[in-house]
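Trainee: Handing you this structure, nothing more for now.
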Amino acid sequence: TNKRKILNVNNIFSNLLQVLFNISDVAVVGHFAGSLPLGSVGSTSQILFLFTGLLMGLGGGVNVIIAYYIGAKSQKKLDLSLYSSFIVSMMVGLILMLAGFFLARPILTLIKTKAELLDNAVTYFKIYILGMPGLALYNYGNAVLSAAGDTKRPLYYLTIAGIVNVILNLIFVIIFKMSCAGVALASLISQYVSAILVMIPLFHGIGNIKFQIKKFQTNREITLRVLKIGIPSGMQNVIFAIANTFVQVGINSFDANMVAGAAAGSNLDNIVYSAMNGFYVACATFIGQNYGAGKKERILPIMKSSMIITVIASMILGSISLFFGPSILS
């Protein structure tokens with residue numbers, strides 16, 4: 001029970017820190033560059049969540065597969081799943097980067113981004129999207145470490161990257177006057193910092209998991225399992241993002257100040273969602289391990305506990321957002 005609580009808390013803060021990357025961009029550019037750059041950055045938030053949400057869901061699939069083979073004590077399949085899921089994660093990250101970079105302007109035009117916001121929004125989106133392989137690598141490493149029961153180090157690494165992000169945001173925006181491009185570049189660098197850091201313990205080894213390039217090999221069956229679990233998981237986030245994109249289209253029909261205000265307010269929703277997602281990941285980890293170990297009688301109690309805790313957490317966080325939203329946004 002204590003281990004489950006620790007996993008929940010660490011997963012929550014890891015998810016929140018990923019969301020805070022974009023929130024710090026919004027905060028810095030809004031405070032030091034003005035409402036129009038804030039609106040430009042905010043106009044991209046739902047489309048970016050569509051991309052990042054797919055990677056977060058894919059990481060959940062990696063987590064389940066690794067946890068399953070840890071529980072099953074199958075070293076050979078554990079190694080194969082380690083390398084197969086790495087290939088899947090990096091390929092999806094690269095595909096999203098290329099698609100986002102070349103389709104940035106058509107996508108943002110399609111959702112009716114206001115003309116006075118469009119150029120800066122495209123610039124922010126293109127730079128930010130170059131970090132997708134780094135984000136994919138971080139989510140991969142985080143998933144593997146979490147499956148092995150280590151959620152502390154990913155949290156520490158993401159904290160370091162978050163601090164780097166805030167410092168670079170301030171430097172690029174205040175000193176170099178880079179506005180939207182500056183905060184996007186800061187996020188890009190921070191994503192690769194977190195990706196590099198999270199891979200270090202995997203190269204050194206944790207338990208019976210060790211990433212060794214000389215032993216690198218993939219398996220078609222396991223690769224398909226990662227895709228079958230990870231893609232539907234990621235698509236849940238994509239569906240939310242698509243629905244919210246229709247809302248964004250409506251918001252974009254108002255003036256730029258309305259767009260900027262909505263961009264700031266939507267961050268509260270992202271915080272609540274990311275906190276709840278931490279429970280989902282911890283639940284999937286424990287179910288995967290116990291299912292692999294053949295202890296299926298533990299699965300239903302784990303699911304019930306996670307559902308109850310998630311509902312309580314959502315009610316608490318939702319109430320805080322409702323009653324203290326203006327203070328938090330200020």
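Letters A, B, ... mark the chains of the structure tokens in the order given; residue numbers begin at 1 per chain; ligand numbers begin at 1, in order shown.
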Find the residues near A:Ile206: any atom within 12 Å, counting only C-alpha atoms, skip ones fewer than 6 places away on the same chain, and give them as a tab-separated table (two decimals) with N, CA and C atoms, in the first residue's frame.
Mentor:
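In the end it all went to selection.tsv:
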chain	number	residue	atom	x	y	z
A	70	ILE	N	8.11	-7.90	-15.94
A	70	ILE	CA	8.77	-7.89	-14.63
A	70	ILE	C	8.03	-8.84	-13.69
A	141	GLY	N	11.54	6.43	-21.06
A	141	GLY	CA	12.36	6.18	-19.88
A	141	GLY	C	11.57	6.23	-18.60
A	144	VAL	N	9.53	2.98	-18.25
A	144	VAL	CA	10.34	1.83	-17.86
A	144	VAL	C	10.71	1.92	-16.38
A	145	LEU	N	11.18	3.07	-15.94
A	145	LEU	CA	11.56	3.24	-14.53
A	145	LEU	C	10.36	3.08	-13.61
A	146	SER	N	9.21	3.63	-14.02
A	146	SER	CA	7.99	3.50	-13.20
A	146	SER	C	7.55	2.05	-13.09
A	147	ALA	N	7.67	1.31	-14.19
A	147	ALA	CA	7.31	-0.11	-14.18
A	147	ALA	C	8.20	-0.89	-13.21
A	148	ALA	N	9.46	-0.43	-13.06
A	148	ALA	CA	10.39	-1.08	-12.13
A	148	ALA	C	10.24	-0.55	-10.71
A	149	GLY	N	9.30	0.36	-10.50
A	149	GLY	CA	9.04	0.87	-9.16
A	149	GLY	C	9.82	2.13	-8.81
A	150	ASP	N	10.54	2.70	-9.77
A	150	ASP	CA	11.33	3.90	-9.52
A	150	ASP	C	10.65	5.11	-10.17
A	153	ARG	N	13.35	9.14	-9.55
A	153	ARG	CA	14.34	9.75	-10.43
A	153	ARG	C	13.72	10.48	-11.62
A	198	VAL	N	16.86	10.97	-18.04
A	198	VAL	CA	16.09	9.79	-17.68
A	198	VAL	C	16.69	8.50	-18.25
A	199	MET	N	17.50	8.63	-19.30
A	199	MET	CA	18.13	7.45	-19.89
A	199	MET	C	19.38	7.00	-19.12
A	200	ILE	N	19.97	7.88	-18.33
A	200	ILE	CA	21.20	7.55	-17.60
A	200	ILE	C	21.03	6.34	-16.70
Trainee: Could you pull out the residues in stretch 145-255 of chain A that DSSP calls helix (DSSP H, G or I) from the backbone, as a VMD selection string?
Mentor: chain A and resid 145 to 147 152 to 175 179 to 204 213 to 215 220 to 251
Trainee: Can you tell me, as an MDAnalysis selection string, what residues are no more than 7 Å from stretch 115-130 of chain A when counting only C-alpha atoms, ignoring any on the same chain fewer than 4 positions away?
Mentor: chainID A and resid 36:37 39:41 43:44 97 100:101 104:105 180:181 184:185 187:188
Trainee: A:Ile171, A:Leu329, A:Ala33, A:Asn290: which is nearest A:Ala262, counting only C-alpha atoms?
Mentor: A:Leu329
Trainee: Could you produce a table of the residues of stretch 152-235 of chain A lying within 9 Å of stretch 87-96 of chain A, with the nearest pair of atoms per residue and their separation in Å rounded to one decimal, using only C-alpha atoms, ordered by chain and increasing residue number, as CSV?
Mentor:
residue,atom,partner,partner_atom,distance
A:Thr218,CA,A:Ile87,CA,8.1
A:Thr223,CA,A:Val88,CA,7.1
A:Val226,CA,A:Val88,CA,7.8
A:Leu227,CA,A:Val88,CA,7.6
Trainee: Take the selection from the previous step and output its residues with all heavy atoms, as a compact mmCIF listing (two decimals), in the first residue's frame.
Mentor:
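Produced file part13.txt, reproduced below:
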# COMPACT_ATOMS: atom_id res chain seq x y z
N THR A 218 14.93 -6.40 -31.51
CA THR A 218 13.49 -6.18 -31.39
C THR A 218 12.73 -7.46 -31.69
O THR A 218 13.29 -8.43 -32.21
CB THR A 218 13.03 -5.08 -32.35
OG1 THR A 218 13.34 -5.46 -33.70
CG2 THR A 218 13.71 -3.76 -32.04
N THR A 223 6.48 -5.78 -30.23
CA THR A 223 6.27 -4.46 -30.83
C THR A 223 4.79 -4.22 -31.10
O THR A 223 4.26 -3.14 -30.80
CB THR A 223 7.06 -4.33 -32.15
OG1 THR A 223 8.46 -4.50 -31.89
CG2 THR A 223 6.82 -2.97 -32.79
N VAL A 226 2.97 -3.55 -27.82
CA VAL A 226 3.16 -2.16 -27.37
C VAL A 226 2.21 -1.23 -28.13
O VAL A 226 1.57 -0.36 -27.54
CB VAL A 226 4.62 -1.72 -27.56
CG1 VAL A 226 4.77 -0.22 -27.23
CG2 VAL A 226 5.56 -2.54 -26.68
N LEU A 227 2.13 -1.42 -29.44
CA LEU A 227 1.25 -0.59 -30.27
C LEU A 227 -0.22 -0.81 -29.92
O LEU A 227 -1.00 0.15 -29.85
CB LEU A 227 1.49 -0.89 -31.75
CG LEU A 227 2.82 -0.40 -32.33
CD1 LEU A 227 3.03 -0.97 -33.73
CD2 LEU A 227 2.86 1.13 -32.37
Trainee: Name the residues in contact with A:Lys76 at a cut-off of 12 Å, using only C-alpha atoms, excluding same-chain residues fewer than 2 positions from it; report them as a list in words.
Mentor: Ile66, Tyr69, Ile70, Ala72, Lys73, Ser74, Leu78, Asp79, Leu80, Ser81, Leu82, Tyr83, Asn208, Ile209, Lys215, Phe216, Gln217, Thr218, Asn219 and Ile222 of chain A
Trainee: Could those selected residues go to a file with N, CA, C and O atoms, as a PDB file, in the first residue's frame?
Mentor:
ATOM      1  N   ILE A  66       6.248  -3.534 -19.865  1.00  0.00           N
ATOM      2  CA  ILE A  66       7.439  -3.755 -19.034  1.00  0.00           C
ATOM      3  C   ILE A  66       7.037  -4.315 -17.676  1.00  0.00           C
ATOM      4  O   ILE A  66       7.655  -5.258 -17.167  1.00  0.00           O
ATOM      5  N   TYR A  69       6.138  -8.100 -17.845  1.00  0.00           N
ATOM      6  CA  TYR A  69       7.263  -9.043 -17.926  1.00  0.00           C
ATOM      7  C   TYR A  69       8.139  -9.014 -16.674  1.00  0.00           C
ATOM      8  O   TYR A  69       8.807  -9.996 -16.369  1.00  0.00           O
ATOM      9  N   ILE A  70       8.105  -7.904 -15.936  1.00  0.00           N
ATOM     10  CA  ILE A  70       8.766  -7.891 -14.626  1.00  0.00           C
ATOM     11  C   ILE A  70       8.034  -8.844 -13.687  1.00  0.00           C
ATOM     12  O   ILE A  70       8.652  -9.644 -12.983  1.00  0.00           O
ATOM     13  N   ALA A  72       6.125 -11.332 -14.555  1.00  0.00           N
ATOM     14  CA  ALA A  72       6.224 -12.707 -15.059  1.00  0.00           C
ATOM     15  C   ALA A  72       7.627 -13.287 -14.884  1.00  0.00           C
ATOM     16  O   ALA A  72       7.825 -14.486 -15.093  1.00  0.00           O
ATOM     17  N   LYS A  73       8.596 -12.421 -14.514  1.00  0.00           N
ATOM     18  CA  LYS A  73      10.002 -12.843 -14.324  1.00  0.00           C
ATOM     19  C   LYS A  73      10.566 -13.513 -15.583  1.00  0.00           C
ATOM     20  O   LYS A  73      11.266 -14.522 -15.512  1.00  0.00           O
ATOM     21  N   SER A  74      10.230 -12.933 -16.736  1.00  0.00           N
ATOM     22  CA  SER A  74      10.721 -13.435 -18.020  1.00  0.00           C
ATOM     23  C   SER A  74      11.786 -12.469 -18.538  1.00  0.00           C
ATOM     24  O   SER A  74      11.460 -11.470 -19.184  1.00  0.00           O
ATOM     25  N   LEU A  78      11.502  -9.520 -21.274  1.00  0.00           N
ATOM     26  CA  LEU A  78      11.674  -8.190 -20.689  1.00  0.00           C
ATOM     27  C   LEU A  78      12.686  -7.386 -21.504  1.00  0.00           C
ATOM     28  O   LEU A  78      12.452  -6.214 -21.828  1.00  0.00           O
ATOM     29  N   ASP A  79      13.789  -8.016 -21.877  1.00  0.00           N
ATOM     30  CA  ASP A  79      14.800  -7.345 -22.696  1.00  0.00           C
ATOM     31  C   ASP A  79      14.244  -6.978 -24.070  1.00  0.00           C
ATOM     32  O   ASP A  79      14.463  -5.867 -24.568  1.00  0.00           O
ATOM     33  N   LEU A  80      13.523  -7.921 -24.675  1.00  0.00           N
ATOM     34  CA  LEU A  80      12.941  -7.651 -25.994  1.00  0.00           C
ATOM     35  C   LEU A  80      11.932  -6.504 -25.935  1.00  0.00           C
ATOM     36  O   LEU A  80      11.873  -5.661 -26.838  1.00  0.00           O
ATOM     37  N   SER A  81      11.134  -6.470 -24.866  1.00  0.00           N
ATOM     38  CA  SER A  81      10.139  -5.400 -24.725  1.00  0.00           C
ATOM     39  C   SER A  81      10.818  -4.058 -24.490  1.00  0.00           C
ATOM     40  O   SER A  81      10.331  -3.012 -24.942  1.00  0.00           O
ATOM     41  N   LEU A  82      11.968  -4.079 -23.814  1.00  0.00           N
ATOM     42  CA  LEU A  82      12.727  -2.855 -23.553  1.00  0.00           C
ATOM     43  C   LEU A  82      13.169  -2.203 -24.865  1.00  0.00           C
ATOM     44  O   LEU A  82      13.009  -0.994 -25.057  1.00  0.00           O
ATOM     45  N   TYR A  83      13.703  -3.007 -25.765  1.00  0.00           N
ATOM     46  CA  TYR A  83      14.224  -2.471 -27.024  1.00  0.00           C
ATOM     47  C   TYR A  83      13.112  -2.228 -28.049  1.00  0.00           C
ATOM     48  O   TYR A  83      13.147  -1.244 -28.795  1.00  0.00           O
ATOM     49  N   ASN A 208      16.758  -5.800 -12.793  1.00  0.00           N
ATOM     50  CA  ASN A 208      17.118  -6.669 -13.921  1.00  0.00           C
ATOM     51  C   ASN A 208      16.886  -5.990 -15.268  1.00  0.00           C
ATOM     52  O   ASN A 208      16.792  -6.638 -16.304  1.00  0.00           O
ATOM     53  N   ILE A 209      16.796  -4.654 -15.253  1.00  0.00           N
ATOM     54  CA  ILE A 209      16.634  -3.877 -16.480  1.00  0.00           C
ATOM     55  C   ILE A 209      17.913  -3.101 -16.758  1.00  0.00           C
ATOM     56  O   ILE A 209      18.389  -2.349 -15.909  1.00  0.00           O
ATOM     57  N   LYS A 215      23.340  -5.385 -27.123  1.00  0.00           N
ATOM     58  CA  LYS A 215      22.334  -6.451 -27.054  1.00  0.00           C
ATOM     59  C   LYS A 215      21.018  -6.034 -27.697  1.00  0.00           C
ATOM     60  O   LYS A 215      20.004  -6.725 -27.560  1.00  0.00           O
ATOM     61  N   PHE A 216      21.041  -4.909 -28.398  1.00  0.00           N
ATOM     62  CA  PHE A 216      19.812  -4.342 -28.956  1.00  0.00           C
ATOM     63  C   PHE A 216      19.187  -5.281 -29.986  1.00  0.00           C
ATOM     64  O   PHE A 216      19.829  -5.670 -30.954  1.00  0.00           O
ATOM     65  N   GLN A 217      17.952  -5.668 -29.751  1.00  0.00           N
ATOM     66  CA  GLN A 217      17.195  -6.469 -30.710  1.00  0.00           C
ATOM     67  C   GLN A 217      15.709  -6.246 -30.469  1.00  0.00           C
ATOM     68  O   GLN A 217      15.303  -5.910 -29.361  1.00  0.00           O
ATOM     69  N   THR A 218      14.926  -6.397 -31.505  1.00  0.00           N
ATOM     70  CA  THR A 218      13.488  -6.177 -31.389  1.00  0.00           C
ATOM     71  C   THR A 218      12.731  -7.462 -31.686  1.00  0.00           C
ATOM     72  O   THR A 218      13.286  -8.425 -32.211  1.00  0.00           O
ATOM     73  N   ASN A 219      11.463  -7.436 -31.343  1.00  0.00           N
ATOM     74  CA  ASN A 219      10.601  -8.589 -31.552  1.00  0.00           C
ATOM     75  C   ASN A 219       9.262  -8.106 -32.109  1.00  0.00           C
ATOM     76  O   ASN A 219       8.636  -7.206 -31.531  1.00  0.00           O
ATOM     77  N   ILE A 222       6.129  -8.475 -29.697  1.00  0.00           N
ATOM     78  CA  ILE A 222       6.112  -7.531 -28.583  1.00  0.00           C
ATOM     79  C   ILE A 222       5.901  -6.105 -29.086  1.00  0.00           C
ATOM     80  O   ILE A 222       5.199  -5.308 -28.459  1.00  0.00           O
TER      81      ILE A 222
END
Trainee: Would you please work out which residue, of A:Ser266, A:Val26, A:Phe323, A:Ile308, is nearest to A:Asn244 when using only C-alpha atoms?
Mentor: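 Closest residue, counting only C-alpha atoms: A:Ser266.
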Trainee: For atom CA of A:Leu108 and atom CA of A:Val249, quote the distance in Å rounded to one decimal.
Mentor: 9.8 Å
Trainee: For each of A:Ser314, A:Thr285, A:Gln212, A:Ser321, take the minimum atom-to-atom distance to A:Ile302, counting only C-alpha atoms, then give the residue where this is smallest.
Mentor: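 Going through A:Ser314, A:Thr285, A:Gln212, A:Ser321 one by one, the smallest distance to A:Ile302 is for A:Thr285.
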Trainee: Determine the nearest neighbour of A:Gly230 from the options A:Ser330, A:Ser24, A:Thr151, A:Ala284, counting only C-alpha atoms.
Mentor: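 Of A:Ser330, A:Ser24, A:Thr151, A:Ala284, the one nearest A:Gly230 is A:Ala284, counting only C-alpha atoms.
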Trainee: Which of these residues is nearest to A:Phe176, using only C-alpha atoms: A:His204, A:Phe32, A:Tyr273, A:Tyr291?
Mentor: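 Distance minimum relative to A:Phe176 lands on A:Phe32.
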Trainee: Atom CA of A:Gly60 and atom CA of A:Ala136 are how many Å apart?
Mentor: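 Result for atom CA of A:Gly60 versus atom CA of A:Ala136: 11.6 Å, one decimal.
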Trainee: Which residues, written as a list in words, have at least one atom at most 12 Å from A:Ile328, with only C-alpha atoms counted and residues fewer than 5 positions away on the same chain left out?
Mentor: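 What passes the distance filter is Ile23, Ala27, Ala264, Gly265, Asn267, Leu268, Ile271, Ile320, Ser321, Leu322 and Phe323 of chain A.
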Trainee: Please dump the current selection as a compact mmCIF listing (two decimals), in the first residue's frame; keep all heavy atoms.
Mentor:
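Saved result, again-v7.txt, follows:
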# COMPACT_ATOMS: atom_id res chain seq x y z
N ILE A 23 2.73 25.83 -19.15
CA ILE A 23 2.21 26.89 -18.29
C ILE A 23 3.25 27.97 -18.06
O ILE A 23 2.95 29.17 -18.07
CB ILE A 23 1.74 26.30 -16.94
CG1 ILE A 23 0.49 25.44 -17.16
CG2 ILE A 23 1.44 27.41 -15.93
CD1 ILE A 23 -0.02 24.78 -15.91
N ALA A 27 2.92 31.87 -18.83
CA ALA A 27 3.12 32.87 -17.77
C ALA A 27 4.18 33.89 -18.13
O ALA A 27 3.97 35.11 -17.99
CB ALA A 27 3.50 32.16 -16.47
N ALA A 264 -4.95 31.18 -20.77
CA ALA A 264 -4.52 31.17 -19.37
C ALA A 264 -5.42 30.25 -18.53
O ALA A 264 -4.94 29.45 -17.72
CB ALA A 264 -4.53 32.59 -18.81
N GLY A 265 -6.73 30.35 -18.74
CA GLY A 265 -7.67 29.56 -17.94
C GLY A 265 -7.60 28.07 -18.19
O GLY A 265 -7.79 27.27 -17.27
N ASN A 267 -5.17 26.23 -18.52
CA ASN A 267 -4.08 25.56 -17.80
C ASN A 267 -4.57 24.89 -16.52
O ASN A 267 -4.01 23.89 -16.08
CB ASN A 267 -2.98 26.57 -17.46
CG ASN A 267 -2.18 26.96 -18.70
OD1 ASN A 267 -1.74 26.10 -19.44
ND2 ASN A 267 -2.02 28.24 -18.93
N LEU A 268 -5.60 25.45 -15.90
CA LEU A 268 -6.15 24.83 -14.69
C LEU A 268 -6.73 23.45 -15.01
O LEU A 268 -6.56 22.50 -14.25
CB LEU A 268 -7.23 25.72 -14.07
CG LEU A 268 -6.75 27.02 -13.41
CD1 LEU A 268 -7.95 27.78 -12.85
CD2 LEU A 268 -5.74 26.74 -12.32
N ILE A 271 -3.96 20.97 -15.39
CA ILE A 271 -3.39 20.57 -14.10
C ILE A 271 -4.22 19.46 -13.47
O ILE A 271 -3.70 18.44 -13.01
CB ILE A 271 -3.28 21.77 -13.15
CG1 ILE A 271 -2.16 22.72 -13.62
CG2 ILE A 271 -3.01 21.32 -11.72
CD1 ILE A 271 -2.09 24.02 -12.84
N ILE A 320 -10.94 23.35 -5.84
CA ILE A 320 -9.90 24.37 -5.70
C ILE A 320 -9.88 25.28 -6.92
O ILE A 320 -9.79 26.51 -6.81
CB ILE A 320 -8.51 23.72 -5.50
CG1 ILE A 320 -8.45 23.03 -4.13
CG2 ILE A 320 -7.39 24.74 -5.62
CD1 ILE A 320 -7.20 22.20 -3.91
N SER A 321 -9.99 24.67 -8.11
CA SER A 321 -10.01 25.46 -9.35
C SER A 321 -11.22 26.38 -9.40
O SER A 321 -11.13 27.53 -9.84
CB SER A 321 -10.02 24.53 -10.58
OG SER A 321 -8.86 23.74 -10.62
N LEU A 322 -12.36 25.88 -8.93
CA LEU A 322 -13.61 26.65 -8.98
C LEU A 322 -13.55 27.86 -8.05
O LEU A 322 -13.89 28.98 -8.44
CB LEU A 322 -14.79 25.76 -8.62
CG LEU A 322 -16.17 26.43 -8.55
CD1 LEU A 322 -16.57 26.97 -9.91
CD2 LEU A 322 -17.22 25.44 -8.04
N PHE A 323 -13.11 27.63 -6.81
CA PHE A 323 -13.18 28.69 -5.80
C PHE A 323 -11.93 29.58 -5.75
O PHE A 323 -12.01 30.72 -5.31
CB PHE A 323 -13.44 28.07 -4.42
CG PHE A 323 -14.78 27.40 -4.30
CD1 PHE A 323 -14.88 26.03 -4.22
CD2 PHE A 323 -15.95 28.16 -4.30
CE1 PHE A 323 -16.12 25.40 -4.13
CE2 PHE A 323 -17.19 27.54 -4.22
CZ PHE A 323 -17.28 26.18 -4.12
Trainee: Which residues are close to A:Ile312, i.e. within 12 Å by only C-alpha atoms, leaving aside same-chain residues fewer than 4 positions away? Reply as a PDB file with N, CA and C atoms, in the first residue's frame.
Mentor:
ATOM      1  N   VAL A 272      -5.551  19.647 -13.451  1.00  0.00           N
ATOM      2  CA  VAL A 272      -6.451  18.644 -12.853  1.00  0.00           C
ATOM      3  C   VAL A 272      -6.352  17.322 -13.604  1.00  0.00           C
ATOM      4  N   ALA A 275      -2.994  15.506 -12.960  1.00  0.00           N
ATOM      5  CA  ALA A 275      -2.939  14.916 -11.623  1.00  0.00           C
ATOM      6  C   ALA A 275      -3.685  13.582 -11.595  1.00  0.00           C
ATOM      7  N   MET A 276      -4.866  13.547 -12.185  1.00  0.00           N
ATOM      8  CA  MET A 276      -5.635  12.301 -12.217  1.00  0.00           C
ATOM      9  C   MET A 276      -4.921  11.241 -13.052  1.00  0.00           C
ATOM     10  N   PHE A 279      -2.668   8.758 -11.274  1.00  0.00           N
ATOM     11  CA  PHE A 279      -3.278   7.569 -10.674  1.00  0.00           C
ATOM     12  C   PHE A 279      -3.482   6.472 -11.712  1.00  0.00           C
ATOM     13  N   SER A 305      -9.567   0.730  -5.777  1.00  0.00           N
ATOM     14  CA  SER A 305      -8.854   1.746  -4.992  1.00  0.00           C
ATOM     15  C   SER A 305      -8.481   2.935  -5.858  1.00  0.00           C
ATOM     16  N   SER A 306      -7.979   2.656  -7.048  1.00  0.00           N
ATOM     17  CA  SER A 306      -7.550   3.728  -7.937  1.00  0.00           C
ATOM     18  C   SER A 306      -8.733   4.588  -8.382  1.00  0.00           C
ATOM     19  N   MET A 307      -9.869   3.963  -8.649  1.00  0.00           N
ATOM     20  CA  MET A 307     -11.053   4.717  -9.072  1.00  0.00           C
ATOM     21  C   MET A 307     -11.540   5.630  -7.953  1.00  0.00           C
ATOM     22  N   ILE A 308     -11.573   5.099  -6.737  1.00  0.00           N
ATOM     23  CA  ILE A 308     -12.045   5.900  -5.599  1.00  0.00           C
ATOM     24  C   ILE A 308     -11.120   7.089  -5.355  1.00  0.00           C
ATOM     25  N   ILE A 316     -11.559  17.306  -5.233  1.00  0.00           N
ATOM     26  CA  ILE A 316     -10.770  18.285  -4.457  1.00  0.00           C
ATOM     27  C   ILE A 316     -10.132  19.314  -5.382  1.00  0.00           C
ATOM     28  N   LEU A 317      -9.454  18.818  -6.432  1.00  0.00           N
ATOM     29  CA  LEU A 317      -8.776  19.728  -7.351  1.00  0.00           C
ATOM     30  C   LEU A 317      -9.757  20.588  -8.141  1.00  0.00           C
ATOM     31  N   GLY A 318     -10.889  19.984  -8.524  1.00  0.00           N
ATOM     32  CA  GLY A 318     -11.911  20.752  -9.230  1.00  0.00           C
ATOM     33  C   GLY A 318     -12.486  21.860  -8.360  1.00  0.00           C
ATOM     34  N   SER A 319     -12.699  21.565  -7.086  1.00  0.00           N
ATOM     35  CA  SER A 319     -13.225  22.576  -6.158  1.00  0.00           C
ATOM     36  C   SER A 319     -12.223  23.707  -5.955  1.00  0.00           C
TER      37      SER A 319
END
Trainee: For A:Ile163, please output as a list in words all residues within 12 Å (counting only C-alpha atoms; exclusion window: fewer than 3 positions along the same chain).
Mentor: Leu17, Gln18, Leu20, Phe21, Ser24, Tyr156, Tyr157, Leu158, Thr159, Ile160, Val166, Ile167, Leu168, Asn169, Leu170, Ala186, Ser187, Ile189, Ser190, Gln191, Val193 and Ser194 of chain A
